[in-house]
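Participant: Contents are mmCIF, C-alpha atoms and all ligand atoms; file name my_file-v7.cif:
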data_query
#
loop_
_atom_site.label_atom_id
_atom_site.label_comp_id
_atom_site.auth_asym_id
_atom_site.auth_seq_id
_atom_site.Cartn_x
_atom_site.Cartn_y
_atom_site.Cartn_z
CA MET A 58 0.00 0.00 0.00
CA SER A 59 1.26 3.47 -0.92
CA LEU A 60 2.60 5.50 2.02
CA ILE A 61 4.14 8.57 0.34
CA LYS A 62 3.60 9.55 -3.28
CA PHE A 63 5.56 12.18 -5.21
CA ALA A 64 3.73 13.33 -8.35
CA ASP A 65 5.83 15.52 -10.66
CA VAL A 66 7.41 17.29 -7.69
CA SER A 67 9.99 20.05 -7.97
CA ILE A 68 11.67 21.22 -4.77
CA GLY A 69 14.14 23.98 -4.03
CA TYR A 70 14.72 27.28 -2.33
CA GLU A 71 13.39 30.74 -3.18
CA GLY A 72 11.83 29.49 -6.40
CA VAL A 73 15.04 27.86 -7.69
CA ASN A 74 14.75 24.09 -8.27
CA VAL A 75 17.25 21.74 -6.60
CA LEU A 76 15.29 18.68 -7.78
CA SER A 77 12.86 18.70 -10.70
CA ASN A 78 9.89 16.58 -11.76
CA LEU A 79 10.28 13.72 -9.31
CA SER A 80 7.61 11.02 -9.47
CA PHE A 81 7.82 7.92 -7.29
CA GLU A 82 5.88 6.05 -4.64
CA ILE A 83 7.10 4.59 -1.35
CA ASN A 84 5.02 1.66 -0.11
CA THR A 85 4.38 0.47 3.43
CA GLY A 86 7.16 -1.92 4.48
CA ASP A 87 9.78 -0.56 2.04
CA TYR A 88 13.35 0.10 3.13
CA LEU A 89 14.52 2.95 0.92
CA CYS A 90 18.06 4.31 0.84
CA ILE A 91 18.63 7.72 -0.74
CA VAL A 92 22.15 8.01 -2.16
CA GLY A 93 24.04 10.56 -4.25
CA GLU A 94 26.94 12.95 -4.14
CA ASN A 95 27.12 15.89 -1.75
CA GLY A 96 24.88 18.70 -2.91
CA SER A 97 22.67 16.41 -5.00
CA GLY A 98 19.58 17.27 -2.93
CA LYS A 99 19.20 14.38 -0.48
CA THR A 100 18.55 16.60 2.55
CA THR A 101 16.26 18.86 0.55
CA LEU A 102 14.20 15.83 -0.49
CA MET A 103 14.01 14.59 3.08
CA LYS A 104 12.89 18.03 4.32
CA SER A 105 10.07 17.95 1.78
CA MET A 106 8.92 14.53 3.06
CA LEU A 107 8.88 15.90 6.60
CA GLY A 108 6.87 18.93 5.45
CA LEU A 109 9.66 21.33 6.44
CA ILE A 110 9.67 22.81 2.93
CA SER A 111 6.80 22.90 0.42
CA PRO A 112 7.21 21.76 -3.18
CA ILE A 113 7.64 24.52 -5.78
CA SER A 114 5.31 22.45 -7.98
CA GLY A 115 3.68 19.03 -7.99
CA THR A 116 2.17 17.20 -5.01
CA ILE A 117 3.41 15.05 -2.16
CA SER A 118 0.61 12.93 -0.72
CA TYR A 119 0.48 10.69 2.36
CA ASP A 120 -1.58 7.54 2.52
CA ASP A 121 -2.20 4.46 4.70
CA GLY A 122 -3.17 6.74 7.61
CA LEU A 123 0.22 8.49 7.74
CA LYS A 124 0.27 12.03 9.11
CA GLN A 125 3.28 14.32 8.72
CA ASN A 126 3.68 14.77 12.49
CA HIS A 127 3.64 10.99 12.96
CA ILE A 128 6.95 10.46 11.16
CA GLY A 129 9.88 9.37 13.33
CA TYR A 130 12.91 11.47 12.39
CA LEU A 131 16.51 10.83 13.35
CA PRO A 132 18.53 13.89 12.30
CA GLN A 133 22.30 13.96 11.90
CA GLN A 134 23.83 14.24 15.35
CA SER A 135 25.21 17.62 16.38
CA LYS A 136 27.66 18.44 19.18
CA VAL A 137 24.81 20.01 21.19
CA GLN A 138 22.79 16.78 20.99
CA LYS A 139 25.76 14.69 22.10
CA ASP A 140 26.18 16.82 25.25
CA PHE A 141 22.50 16.89 26.16
CA PRO A 142 22.23 16.92 29.99
CA ALA A 143 19.26 14.57 30.48
CA SER A 144 18.70 10.94 31.37
CA VAL A 145 18.17 8.33 28.67
CA TYR A 146 14.53 7.92 29.76
CA GLU A 147 13.88 11.68 29.52
CA VAL A 148 15.41 11.88 26.03
CA VAL A 149 13.33 8.96 24.73
CA LEU A 150 10.13 10.21 26.43
CA SER A 151 10.51 13.63 24.75
CA GLY A 152 9.87 11.86 21.42
CA CYS A 153 6.22 11.50 22.44
CA LEU A 154 5.78 15.29 22.33
CA SER A 155 5.43 15.44 18.53
CA LYS A 156 2.06 13.68 18.83
CA THR A 157 0.58 15.84 21.59
CA TYR A 158 0.09 19.43 22.61
CA SER A 159 -0.06 18.65 26.33
CA PRO A 160 2.98 19.46 28.51
CA PHE A 161 2.23 16.33 30.59
CA TYR A 162 3.00 12.78 29.58
CA SER A 163 0.23 10.20 29.73
CA LYS A 164 0.52 6.64 31.08
CA ALA A 165 0.31 5.36 27.49
CA GLN A 166 3.21 7.60 26.42
CA LYS A 167 5.34 6.36 29.31
CA LYS A 168 4.57 2.80 28.28
CA THR A 169 5.45 3.57 24.64
CA THR A 170 8.76 5.00 25.88
CA LEU A 171 9.64 1.84 27.82
CA ASP A 172 8.52 -0.40 24.92
CA ASN A 173 10.74 1.47 22.48
CA MET A 174 13.69 1.33 24.90
CA GLN A 175 13.18 -2.43 24.99
CA LYS A 176 12.96 -2.68 21.19
CA THR A 177 16.23 -0.79 20.74
CA GLY A 178 18.09 -2.66 23.50
CA ILE A 179 18.65 0.29 25.85
CA ALA A 180 16.28 -0.63 28.72
CA ASP A 181 19.25 -1.12 31.07
CA LEU A 182 20.51 2.42 30.33
CA LYS A 183 17.26 4.05 31.51
CA ASN A 184 18.75 6.17 34.31
CA LYS A 185 22.12 6.90 32.72
CA CYS A 186 23.01 10.40 31.60
CA PHE A 187 22.75 10.70 27.80
CA ARG A 188 26.05 12.54 27.41
CA GLU A 189 27.97 9.76 29.18
CA LEU A 190 27.01 7.12 26.60
CA SER A 191 29.06 5.84 23.66
CA GLY A 192 28.20 7.07 20.16
CA GLY A 193 26.45 3.78 19.35
CA GLN A 194 24.37 3.89 22.54
CA GLN A 195 23.43 7.54 21.94
CA GLN A 196 22.25 6.67 18.44
CA ARG A 197 20.04 3.87 19.84
CA VAL A 198 18.55 6.32 22.34
CA LEU A 199 17.78 8.80 19.56
CA LEU A 200 16.29 5.98 17.51
CA ALA A 201 14.03 4.99 20.43
CA ARG A 202 13.04 8.67 20.69
CA ALA A 203 12.17 8.77 16.98
CA LEU A 204 10.10 5.58 17.38
CA CYS A 205 7.97 7.33 20.01
CA SER A 206 6.69 9.62 17.21
CA THR A 207 5.68 6.84 14.87
CA GLU A 208 4.36 3.36 14.30
CA LYS A 209 4.75 3.62 10.53
CA LEU A 210 7.71 5.56 9.14
CA LEU A 211 11.27 6.32 10.20
CA ILE A 212 13.39 8.86 8.33
CA LEU A 213 17.09 8.65 9.16
CA ASP A 214 19.73 11.16 8.04
CA GLU A 215 23.19 9.55 7.73
CA PRO A 216 22.67 7.65 11.00
CA ILE A 217 26.01 5.86 11.17
CA THR A 218 28.23 8.93 10.77
CA GLY A 219 30.85 8.84 13.53
CA LEU A 220 30.09 5.25 14.63
CA ASP A 221 32.80 2.58 14.67
CA PRO A 222 32.25 -0.41 12.32
CA ILE A 223 30.82 -2.67 15.06
CA ALA A 224 28.37 -0.04 16.33
CA ALA A 225 27.40 0.74 12.71
CA GLN A 226 26.72 -2.93 11.99
CA GLU A 227 24.64 -3.26 15.18
CA PHE A 228 22.67 -0.19 14.17
CA TYR A 229 21.95 -1.59 10.71
CA THR A 230 20.82 -4.90 12.27
CA LEU A 231 18.43 -3.02 14.53
CA ILE A 232 16.97 -1.02 11.64
CA LYS A 233 16.48 -4.21 9.65
CA GLN A 234 14.62 -5.79 12.60
CA LEU A 235 12.35 -2.75 12.92
CA ASN A 236 11.63 -2.99 9.20
CA HIS A 237 11.19 -6.79 8.95
CA ILE A 238 9.71 -7.66 12.33
CA ASN A 239 7.88 -4.49 13.33
CA GLY A 240 6.83 -3.54 9.79
CA ILE A 241 8.16 0.01 10.04
CA THR A 242 8.90 1.66 6.70
CA VAL A 243 12.45 3.05 6.58
CA ILE A 244 13.84 5.94 4.55
CA MET A 245 17.57 6.48 5.08
CA VAL A 246 19.89 9.09 3.58
CA THR A 247 23.31 7.49 3.42
CA HIS A 248 26.78 7.63 1.92
CA ASP A 249 27.31 3.97 2.83
CA VAL A 250 26.29 2.54 -0.54
CA ASN A 251 27.61 -0.95 0.26
CA ALA A 252 25.33 -1.24 3.29
CA ALA A 253 22.49 0.28 1.28
CA ILE A 254 22.57 -2.45 -1.35
CA ILE A 255 22.72 -5.17 1.30
CA ASN A 256 19.90 -3.82 3.46
CA ALA A 257 17.55 -1.72 1.35
CA SER A 258 14.66 -2.97 -0.75
CA HIS A 259 14.72 0.19 -2.86
CA ILE A 260 17.26 2.83 -3.89
CA LEU A 261 16.71 6.44 -4.85
CA HIS A 262 19.87 7.75 -6.47
CA LEU A 263 20.04 11.50 -7.03
CA GLY A 264 22.63 12.18 -9.73
CA LYS A 265 23.71 15.38 -11.46
CA ASP A 266 22.62 14.14 -14.89
CA ALA A 267 20.10 11.42 -14.03
CA CYS A 268 18.09 10.03 -11.14
CA PHE A 269 17.11 6.44 -10.42
CA TYR A 270 14.28 5.04 -8.34
CA GLY A 271 13.53 1.33 -8.14
CA SER A 272 14.34 -1.95 -6.45
CA THR A 273 17.90 -2.53 -5.22
CA HIS A 274 18.24 -5.41 -7.66
CA THR A 275 17.27 -3.22 -10.64
CA TYR A 276 19.62 -0.49 -9.38
CA LEU A 277 22.57 -2.89 -9.37
CA HIS A 278 21.92 -3.65 -13.03
CA SER A 279 21.24 -0.04 -14.07
CA GLU A 280 23.76 2.23 -15.81
CA ILE A 281 23.69 4.73 -12.92
CA GLY A 282 24.19 1.94 -10.35
CA LYS A 283 27.01 0.30 -12.30
CA GLY A 284 28.76 3.68 -12.58
CA PHE A 285 28.53 4.30 -8.82
CA LEU A 286 29.25 0.83 -7.42
CA VAL A 287 32.22 -1.50 -7.62
CA THR A 288 30.42 -4.67 -6.64
CA ASP A 289 28.41 -7.41 -8.29
CA CYS A 290 24.77 -7.95 -7.46
CA PRO A 291 24.75 -10.04 -4.24
CA CYS A 292 21.40 -11.75 -4.89
CA GLU A 293 21.41 -15.56 -4.99
CA ASN A 294 20.24 -15.68 -8.59
CA CYS A 295 23.02 -13.43 -9.88
CA LYS A 296 25.67 -15.18 -7.72
CA ARG A 297 24.67 -18.51 -9.33
CA ASN A 298 24.95 -17.05 -12.84
CA HIS A 299 28.38 -15.47 -12.14
CA SER A 300 29.81 -18.71 -10.76
CA GLY A 301 28.19 -20.72 -13.53
CA GLY A 302 26.67 -23.02 -10.89
CA ALA A 303 23.19 -24.53 -10.85
P1 LIG B 401 22.81 16.88 -0.04
O1 LIG B 401 22.00 16.59 1.18
O2 LIG B 401 22.66 15.87 -1.12
O3 LIG B 401 24.25 17.14 0.26
P2 LIG B 401 21.34 19.39 -0.04
O4 LIG B 401 19.91 19.03 -0.16
O5 LIG B 401 21.86 19.77 1.30
O6 LIG B 401 22.24 18.24 -0.70
O7 LIG B 401 21.64 20.61 -1.02
C1 LIG B 401 21.24 20.61 -2.39
C2 LIG B 401 21.46 22.00 -2.95
O8 LIG B 401 20.58 22.92 -2.30
C3 LIG B 401 22.88 22.54 -2.76
O9 LIG B 401 23.26 23.24 -3.94
C4 LIG B 401 22.73 23.49 -1.60
O10 LIG B 401 23.66 24.55 -1.70
C5 LIG B 401 21.30 24.01 -1.77
N1 LIG B 401 20.70 24.39 -0.47
C6 LIG B 401 20.60 23.59 0.61
N2 LIG B 401 19.96 24.24 1.63
C7 LIG B 401 19.65 25.47 1.15
C8 LIG B 401 18.98 26.62 1.70
N3 LIG B 401 18.48 26.62 2.95
N4 LIG B 401 18.84 27.72 0.90
C9 LIG B 401 19.32 27.73 -0.36
N5 LIG B 401 19.97 26.68 -0.95
C10 LIG B 401 20.13 25.57 -0.20
#
Just dump the structure as structure tokens.
Facilitator:
Amino acid sequence: MSLIKFADVSIGYEGVNVLSNLSFEINTGDYLCIVGENGSGKTTLMKSMLGLISPISGTISYDDGLKQNHIGYLPQQSKVQKDFPASVYEVVLSGCLSKTYSPFYSKAQKKTTLDNMQKTGIADLKNKCFRELSGGQQQRVLLARALCSTEKLLILDEPITGLDPIAAQEFYTLIKQLNHINGITVIMVTHDVNAAIINASHILHLGKDACFYGSTHTYLHSEIGKGFLVTDCPCENCKRNHSGGA
């Protein structure tokens, strides 16, 4: 089922297009990675999905009961965020605020907070100070916070920047679980193309001369994908054909 649909959308700033005439549809359960060089418009596209900027032309529509303020967003980490003087529980709980106008947290919101801490494997860090955690732990806390805003869609902006390889791998495993087991649709802006082709179901590649949107498998066999990647398609079917096996 369609979750977000772009119909002939152009986006940019002060009337000047950064991206023009985009048409594609993200379905419930997809795991989409957005790749492309710096300055290609990845952040601009993400801002338009979050409703932070309006399209210059065309329409972005939300379906399957998705509301813009029910999107879980994990921004790139800043120094200020890393030094945030609050407990893990308080940071995660604050994610519930995007869904409510009340300054008080309900019982249900507190339960959602604990559930999401469990899901992201940080329940034992509940009373720790956020700024004393490792980069990988902080990223899990911010992921749990983002989950408090949504049951449907997570948007992640370069989430493994600054993480060591083990923490990055653990983070990818967690995202895959949320996608496969909990059915949460994932949209991730990333420079880690190798991880993108292993984990994502779909790729959106923003290039200077051409854009691509489609399944990861099709991307690996496309001209734009072949020009960007130095790897063969890892799917079982293609591996069999390359090795000449049955
Ligand atoms: P990416 O995330 O792929 O690095 P961005 O979406 O940040 O790319 O930027 C795409 C283009 O939009 C760049 O040319 C950038 O200079 C321009 N841009 C980004 N933010 C703004 C802004 N607030 N005002 C004007 N131009 C911007």
Participant: Using all atoms listed in the file, what does the table of chain A residues within 9 Å of ligand LIG 401 (chain B) look like, with each row giving the shortest atom pair and its distance in Å to one decimal, sorted by chain and ascending number, as a tab-separated table?
Facilitator:
residue	atom	partner	partner_atom	distance
A:Gly69	CA	B:LIG401	O8	6.8
A:Tyr70	CA	B:LIG401	C9	5.0
A:Glu71	CA	B:LIG401	C9	7.2
A:Val73	CA	B:LIG401	N5	8.4
A:Asn74	CA	B:LIG401	O8	8.4
A:Val75	CA	B:LIG401	O8	5.6
A:Leu76	CA	B:LIG401	C1	8.3
A:Val92	CA	B:LIG401	O2	7.9
A:Gly93	CA	B:LIG401	O2	6.3
A:Glu94	CA	B:LIG401	O2	6.0
A:Asn95	CA	B:LIG401	O3	3.7
A:Gly96	CA	B:LIG401	O6	3.5
A:Ser97	CA	B:LIG401	O2	3.9
A:Gly98	CA	B:LIG401	O4	3.3
A:Lys99	CA	B:LIG401	O2	3.8
A:Thr100	CA	B:LIG401	O1	3.7
A:Thr101	CA	B:LIG401	O4	3.7
A:Leu102	CA	B:LIG401	O4	6.6
A:Met103	CA	B:LIG401	O4	8.1
A:Lys104	CA	B:LIG401	O4	8.4
A:Val246	CA	B:LIG401	O1	8.2
A:Leu263	CA	B:LIG401	O2	7.8
Participant: Let me make sure I understand: among A:Glu293, A:Asp65, A:Glu215, A:Glu208, which one has the smallest atom-to-atom distance to A:Pro112 if we use only C-alpha atoms?
Facilitator: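 Of A:Glu293, A:Asp65, A:Glu215, A:Glu208, the one nearest A:Pro112 is A:Asp65, counting only C-alpha atoms.
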Participant: One decimal, Å: what's the distance from atom CA of A:Asp172 over to atom CA of A:Leu131, could you say?
Facilitator: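 Calculated distance between atom CA of A:Asp172 and atom CA of A:Leu131 is 18.0 Å.
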Participant: Between atom CA of A:Cys186 and atom CA of A:Tyr146, what is the distance, to one decimal in Å?
Facilitator: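 Between atom CA of A:Cys186 and atom CA of A:Tyr146 the gap is 9.0 Å.
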Participant: Measuring atom to atom with only C-alpha atoms, identify which of A:Leu199, A:Leu89, A:Ile223, A:Leu231 is nearest to A:Gly178.
Facilitator: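 Among the listed residues, A:Leu231 lies closest to A:Gly178.
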Participant: For A:Glu280, which of A:His262, A:Gly240, A:Gln175, A:Ile212 is the closest residue, counting all atoms listed in the file?
Facilitator: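 Going through A:His262, A:Gly240, A:Gln175, A:Ile212 one by one, the smallest distance to A:Glu280 is for A:His262.
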Participant: Figure out the distance between atom CA of A:Leu107 and atom CA of A:Asp120, please, to one decimal in Å.
Facilitator: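 Computing it gives 14.0 Å between the two atoms.
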Participant: Name the residues in contact with A:Gly192 at a cut-off of 10 Å, using only C-alpha atoms, excluding same-chain residues fewer than 5 positions from it; report them as a list in words.
Facilitator: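 Counting only the stated atoms, we get Gln134, Lys139, Arg197, Val198, Ile217, Thr218, Gly219, Leu220, Asp221, Ala224 and Ala225 of chain A.
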Participant: Determine the nearest neighbour of A:Ile260 from the options A:Ala143, A:Ala203, A:Met245, A:Val66, counting all atoms listed in the file.
Facilitator: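 That would be A:Met245, the residue with the smallest distance to A:Ile260.
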Participant: Please determine, counting only C-alpha atoms, which residue among A:His259, A:Lys183, A:Arg202, A:Lys233 has the shortest atom-to-atom distance to A:Glu82.
Facilitator: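 Smallest separation from A:Glu82 among the options: A:His259.
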Participant: So which one's closest to A:His278, A:Cys292, A:Gly115, A:Ile83, A:Leu150? Using all atoms listed in the file, please.
Facilitator: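 Smallest separation from A:His278 among the options: A:Cys292.
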